[in-house]
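Here the structure comes first, spelled out in structure tokens, and everything after it is commentary.
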Amino acid sequence: MSIMGKPLLFSYWRSSCAWRVRIALNLKEIPYDIKPVSLVKDGGEQHYNEFRDINPMEQVPALQIDGHTLIQSLNIMHYLEETRPQRPLMPQDVHKRAKVREICEVIASGIQPLQNLTVLIYVGEDKKKEWAQHWINRGLRAVEKLLSTSAGKYCVGDEITLADCCLIPQVFNARRFQVDLRPFPIILRIDRELENHPAFRAAHPSCQPDCPPEVGK
Ligand SMILES: O=C(O)/C=C\C(=O)CC(=O)CC(=O)O
């Protein structure tokens with residue numbers, strides 16, 4: 001694997017956290033390679049010793065870049081923002097910056113970890129759908145409320161930011177767990193706005209090298 005060459009993203013096609021980073025890399029037009037880590041094969045390759053050395057949390061994503069290995073999707077996206085100023089994904093205005101971080105945190109700390117694979121396995125097959133729906137619903141209600149004052153064309157104003165990188169994969173997960181999205185018109189509008197954006201499209205699970213063929217394009 002290339003430490004000093006092209007960045008290498010340890011990714012899984014359906015991981016919403018790896019997907020956030022793929023969107024940011026694409027928006028910034030940073031060429032990168034993908035090393036798929038199957039979260040399901042043989043109990044999960046993320047638990048293998050070799051991967052634990054890369055990410056002790058045994059999760060994707062991890063990004064090898066500039067001679068460093070970075071973990072945690074928000075950390076990685078902020079690193080990209082700080083080192084690759086092209087196509088900024090944070091606004092200039094300090095209050096808008098706070099709004100972007102707020103929406104990212106609500107999703108990355110307040111929703112996604114509660115419906116993560118490891119948590120759903122722990123919750124058990126019988127309860128997992130109801131559990132995921134509950135926490136996604138609760139979180140998206142908050143996001144919709146926040147967007148009612150921050151959104152323009154996108155989550156915060158009219159420029160694409162890190163908040164959009166977090167929102168779109170979370171909407172996919174909401175659909176996956178059959179959450180009724182009709183109470184969230186702003187979220188749905190932003191999702192429609194971005195679904196065909198090339199950077200978002202290329203990052204979509206169905207366009208990943210490790211997407212199972214039966215899922216299709
Ligand atoms: O069923 C699978 O294919 C395994 C894992 C995932 O989708 C990824 C997650 O754990 C959910 C997420 O990223 O929010």
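Ordering of the structure tokens sets the chain letters (A, B, ...); residue numbers start at 1 within each chain; ligands are numbered from 1 in the order shown.
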Pull the closest atom pair for each residue of segment 57-164 of chain A that gets at most 6 Å from segment 14-33 of chain A, along with the distance in Å to one decimal, counting only C-alpha atoms, ordering rows by chain and then ascending residue number, as a Markdown table.
```
| residue | atom | partner | partner_atom | distance |
| --- | --- | --- | --- | --- |
| A:Pro61 | CA | A:Ala18 | CA | 4.7 |
| A:Ser73 | CA | A:Cys17 | CA | 5.9 |
| A:Arg87 | CA | A:Lys28 | CA | 5.5 |
```
Segment 121-171 of chain A: residues DSSP assigns to alpha helix (DSSP H), reported as JSON, numbers by chain: {"A": [121, 122, 123, 128, 129, 130, 131, 132, 133, 134, 135, 136, 137, 138, 139, 140, 141, 142, 143, 144, 145, 146, 147, 148, 149, 150, 162, 163, 164, 165, 166, 167, 168, 169, 170, 171]}
For His134 of chain A, list every protein, DNA or RNA residue within 9 Å, evaluated using only C-alpha atoms, and leave out those in the same chain fewer than 5 positions away; present the list as an MDAnalysis selection string. chainID A and resid 129 139 179
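Minimum atom-to-atom distances from A:His204, A:Arg176, A:Arg182, A:Arg189 to ligand 1 were compared using only C-alpha atoms and all ligand atoms, and the lowest value belongs to A:Arg176.
Within segment 3-213 of chain A, residues classed as strand (DSSP E) by DSSP on backbone coordinates are Leu8, Leu9, Phe10, Ser11, Asp33, Ile34, Lys35, Pro36, Ala62, Leu63, Gln64, Ile65, His68, Thr69, Leu70 and Ile71 of chain A.
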Of A:Ile103, A:Leu9, A:Leu188, A:Val143, the one nearest to Ile54 of chain A when counting only C-alpha atoms is A:Leu9
One number please: atom 3 (O, counted along the ligand's line) of ligand 1 to atom CA of Met57 of chain A, in Å, one decimal. 17.7 Å
Long-range neighbours of Trp135 of chain A as a PyMOL selection string, 8 Å cut-off, only C-alpha atoms, 5 positions minimum in chain: chain A and resi 111+114-115
Which residues are close to segment 116-128 of chain A, i.e. within 12 Å by only C-alpha atoms, leaving aside same-chain residues fewer than 6 positions away? Reply as a compact mmCIF listing (two decimals) with C-alpha atoms, in the first residue's frame.
```
# COMPACT_ATOMS: atom_id res chain seq x y z
CA ARG A 14 -22.32 0.42 2.47
CA SER A 15 -20.55 2.17 5.36
CA SER A 16 -22.10 5.60 5.73
CA CYS A 17 -18.96 6.86 7.49
CA LEU A 39 -17.59 -5.65 7.51
CA VAL A 40 -19.49 -8.91 7.05
CA GLY A 43 -17.31 -11.99 11.06
CA GLY A 44 -15.79 -8.80 9.67
CA GLN A 46 -12.29 -4.90 10.49
CA HIS A 47 -11.64 -7.21 13.45
CA MET A 57 -11.71 1.02 16.87
CA GLU A 58 -12.03 -1.73 14.23
CA GLN A 59 -14.19 0.43 11.99
CA VAL A 60 -13.98 2.01 8.58
CA ILE A 107 -25.46 12.82 12.58
CA ALA A 108 -21.98 11.45 13.37
CA SER A 109 -22.44 11.27 17.17
CA GLY A 110 -26.20 11.39 17.69
CA HIS A 134 -36.36 5.00 16.53
CA TRP A 135 -32.90 6.58 16.69
CA ILE A 136 -32.81 7.67 13.07
CA GLN A 170 -27.65 9.04 6.64
CA ASN A 173 -29.58 4.47 5.94
CA PHE A 177 -34.42 0.82 7.66
```
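For the pair atom CA of Lys35 of chain A and atom CA of Leu8 of chain A, the interatomic distance is 6.7 Å.
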Using only C-alpha atoms, pick whichever of A:Leu162, A:Val156, A:Ala142, A:Ala203 has the shortest atom-to-atom distance to Tyr79 of chain A. A:Leu162
Which neighbours of Leu146 of chain A fall inside 10 Å, counting only C-alpha atoms, when residues of the same chain fewer than 2 positions from it are skipped, and could you give them as a PyMOL selection string? chain A and resi 99+102-103+106+140-144+148-151+155-156
